[in-house]
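**Student:** What follows is a single structure, and I will ask about it in a moment.
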Amino acid sequence: MINHTSKETVITCLFGDPVAQSVSPYMYGHFAKKAGIAYYSHLKIRVPKEKKDGVKEAVDAAKTLGFAGINITVPYKMEVIKELDGVDARAKAIGAVNAISPKEGKLIGYNTDGLGALLAIKNRLRKIKTGDRVVVFGAGGASRAVVGTILPIAKNVTVLQREDDFHLALSMRKSMKRINILPLNDKNILQKGAGANFVVNATSVGMVPQETASIISERLFGEINRKSPLRKKFFFDTVYNPYETKFLSLAKKYGAKVCQGLYMMAYQGAASFELWTGKKVAKEDVEEALRILKHRIFTKQK
């Protein structure tokens, strides 16, 4: 948490690869303005995936540069944990970190993604119930945040993961013992999708610049709908750029209720900002940030 004066420059940043698609500087700039922080900057820093020890070097540099806070995005939400001085209990249980805050010269990892996802689903779709069946695609950092937050509520959660990275899903069982884990293939997508109340894409499939991709093909959407009408289901995508992914647009085509990833981003962003600055973010400021982010995304797409 920072203890700034009105003239102090507060700098936070985002580590990941890619980061060009991120619109988070507009969100944090808005929060800072409303909090009365006169000089605030949020930097997007690409840490190349192909560079060995890139995350370690980035974290070491962050200590030297004195950032007030750091967001972590794909593909480093799990990898960064071993480079930190400490991790809070929630992030440790989830197995992924998306927010880092300096505490007495040490960098401590937190997870605000899970809270962001839960608030997005609750406010845009409906509250998750104990008897709900939830299907989540992917086993990376976003998936762990979603699953780890939903699991104490819903008793039936299935993770579908590509077979070439199946070990990632299996490793989730260390702290999330009740999850069902299956290979990501057409048979399982059809069977589990038809039986689900909530379907969540927690992979980067469909993110800019691959906007035409969907984790569920149009053909499979049609088959799922024939087995169990999508109008009774809820679809959520953790991808926020584009605003509405192909995954969500196909779900809407069949009458499903959908929630865009931008809502998760805004809610986790508010939680991260509060963590870094100690300044409370009002509900109306989150809503205004969402309008700003939508405008920025649509402007970039034109």
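Quick note on naming: the chains in the structure tokens go A, B, ... in the order shown, residues restart at 1 in each chain, and ligands are numbered from 1 in order of appearance.
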Could you pull the residues within 10 Å of A:Met27, counting only C-alpha atoms, minus those fewer than 2 positions along the same chain, as a list in words?

**Tutor:**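 After dropping sequence-adjacent residues, the list is Val23, Ser24, Pro25, Gly29, His30, Phe31, Ala32, His42, Met265, Ala266, Gly269, Ala270, Phe273, Asp285, Val286, Glu288, Ala289, Leu290, Arg291, Ile292 and Leu293 of chain A.
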
**Student:** Fewer than 5 positions away in the same chain doesn't count, so skip those; otherwise give me all residues within 8 Å of A:Ile81, counting only C-alpha atoms, as a VMD selection string.

**Tutor:** chain A and resid 87 96 to 97 109

**Student:** Just the selected residues (C-alpha atoms), exported as a compact mmCIF listing (two decimals), in the first residue's frame, please.

**Tutor:**
```txt
# COMPACT_ATOMS: atom_id res chain seq x y z
CA VAL A 87 1.94 -15.30 -1.53
CA ALA A 96 -2.06 -18.33 -9.48
CA VAL A 97 -1.15 -14.68 -8.90
CA GLY A 109 1.40 -12.06 -4.57
```

**Student:** Restricting the calculation to only C-alpha atoms: of A:Pro229, A:Gly114, A:Gly193, A:Gly95, which residue gets closest to A:Met172?

**Tutor:** A:Gly95

**Student:** To test your reading of the structure, identify every residue in stretch 12-220 of chain A that backbone DSSP assigns to alpha helix (DSSP H), and report it as a PyMOL selection string.

**Tutor:** chain A and resi 24-35+54-65+89-94+113-124+141-150+166-171+186-195+218-220

**Student:** Counting only C-alpha atoms, what is within 9 Å of stretch 142-159 of chain A, bar same-chain residues fewer than 5 positions away, as a ChimeraX atom specification?

**Tutor:** /A:73-74,77,90-91,93-98,111-118,128-137,169,172,175-176,178-184,192,200-203,238

**Student:** For the residues in that selection, give me C-alpha atoms as a short mmCIF file (atom, residue, chain, number, x, y, z; two decimals), in the first residue's frame.

**Tutor:**
```cif
data_model
loop_
_atom_site.label_atom_id
_atom_site.label_comp_id
_atom_site.auth_asym_id
_atom_site.auth_seq_id
_atom_site.Cartn_x
_atom_site.Cartn_y
_atom_site.Cartn_z
CA THR A 73 -1.31 -11.59 -17.17
CA VAL A 74 -0.80 -14.57 -19.49
CA LYS A 77 0.20 -16.12 -13.46
CA ARG A 90 -6.09 -17.28 -1.32
CA ALA A 91 -3.54 -17.02 -4.13
CA ALA A 93 -4.82 -22.13 -2.68
CA ILE A 94 -5.70 -21.05 -6.23
CA GLY A 95 -2.14 -21.55 -7.47
CA ALA A 96 -2.06 -18.33 -9.48
CA VAL A 97 -1.15 -14.68 -8.90
CA ASN A 98 -2.44 -11.73 -10.92
CA ASN A 111 -5.26 -13.15 -6.64
CA THR A 112 -8.01 -10.65 -7.46
CA ASP A 113 -9.09 -12.48 -10.64
CA GLY A 114 -11.30 -14.92 -8.75
CA LEU A 115 -13.20 -12.16 -6.99
CA GLY A 116 -13.51 -10.30 -10.30
CA ALA A 117 -14.96 -13.36 -12.04
CA LEU A 118 -17.42 -14.07 -9.23
CA ILE A 128 -23.94 -19.46 -8.64
CA LYS A 129 -25.83 -22.04 -6.59
CA THR A 130 -24.68 -25.20 -4.84
CA GLY A 131 -26.43 -27.48 -7.32
CA ASP A 132 -25.10 -25.74 -10.45
CA ARG A 133 -22.98 -27.69 -12.91
CA VAL A 134 -20.05 -25.58 -14.12
CA VAL A 135 -17.75 -26.37 -17.06
CA VAL A 136 -14.46 -24.44 -17.37
CA PHE A 137 -12.15 -24.58 -20.39
CA ALA A 169 -5.20 -29.65 -15.01
CA MET A 172 -4.94 -28.34 -9.84
CA SER A 175 -5.66 -27.74 -3.71
CA MET A 176 -8.93 -28.35 -5.59
CA ARG A 178 -13.28 -32.08 -5.94
CA ILE A 179 -12.92 -30.96 -9.54
CA ASN A 180 -13.60 -33.29 -12.45
CA ILE A 181 -10.86 -33.26 -15.09
CA LEU A 182 -11.38 -34.40 -18.67
CA PRO A 183 -9.59 -33.99 -22.02
CA LEU A 184 -10.75 -31.12 -24.19
CA LYS A 192 -20.52 -31.60 -20.41
CA VAL A 200 -16.69 -20.62 -18.90
CA ASN A 201 -13.87 -20.00 -21.35
CA ALA A 202 -10.76 -19.40 -19.24
CA THR A 203 -8.29 -19.80 -22.12
CA THR A 238 -12.44 -14.31 -19.33
#
```

**Student:** Select from stretch 46-170 of chain A everything DSSP, run on the backbone, classes as strand (DSSP E or B), then give the selection as an MDAnalysis selection string.

**Tutor:** chainID A and resid 46 69:72 86:87 99:103 106:110 133:137 156:161

**Student:** May I have the residues within 12 Å of A:Phe236 as a count of residues only, using only C-alpha atoms and disregarding those fewer than 3 positions away in the same chain?

**Tutor:** 43

**Student:** When distances are computed from only C-alpha atoms, which of A:Pro48, A:Ile297, A:Ser204, A:Gln268 shows the smallest separation from A:Tyr28?

**Tutor:** A:Gln268

**Student:** Quote the spacing between atom CA of A:Leu220 and atom CA of A:Lys253 in Å to one decimal place.

**Tutor:**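 Going from atom CA of A:Leu220 over to atom CA of A:Lys253 covers 13.0 Å.
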
**Student:** Record the distance separating atom CA of A:Lys92 and atom CA of A:Ile215, expressed in Å with one decimal.

**Tutor:**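 Between these atoms lies a distance of 27.9 Å.
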
**Student:** Using only C-alpha atoms, pick whichever of A:Gly222, A:Gly36, A:Gly140, A:Gly66 has the shortest atom-to-atom distance to A:Ile11.

**Tutor:**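 Closest residue, counting only C-alpha atoms: A:Gly66.
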
**Student:** By how many Å are atom CA of A:Asp53 and atom CA of A:Glu79 apart?

**Tutor:**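 Going from atom CA of A:Asp53 over to atom CA of A:Glu79, I get 10.2 Å.
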
**Student:** Would you mind telling me which residue in A:Leu84, A:Val59, A:Val10, A:Ala20 lies nearest to A:Met207 when using only C-alpha atoms?

**Tutor:** A:Ala20

**Student:** Identify, on the basis of only C-alpha atoms, every residue whose closest approach to A:Glu8 does not exceed 10 Å; exclude the query and any residue fewer than 6 positions from it along the same chain; express the result as a VMD selection string.

**Tutor:** chain A and resid 37 to 40

**Student:** Residues of the last selection are to be written out with N, CA and C atoms, as a compact mmCIF listing (two decimals), in the first residue's frame.

**Tutor:**
```
# COMPACT_ATOMS: atom_id res chain seq x y z
N ILE A 37 -5.41 11.03 -6.92
CA ILE A 37 -3.98 10.86 -7.17
C ILE A 37 -3.63 11.65 -8.42
N ALA A 38 -2.89 12.69 -8.26
CA ALA A 38 -2.65 13.63 -9.36
C ALA A 38 -1.77 13.07 -10.47
N TYR A 39 -0.75 12.32 -10.08
CA TYR A 39 0.20 11.81 -11.07
C TYR A 39 0.25 10.29 -10.98
N TYR A 40 -0.37 9.66 -11.94
CA TYR A 40 -0.47 8.20 -11.92
C TYR A 40 -0.18 7.67 -13.32
```
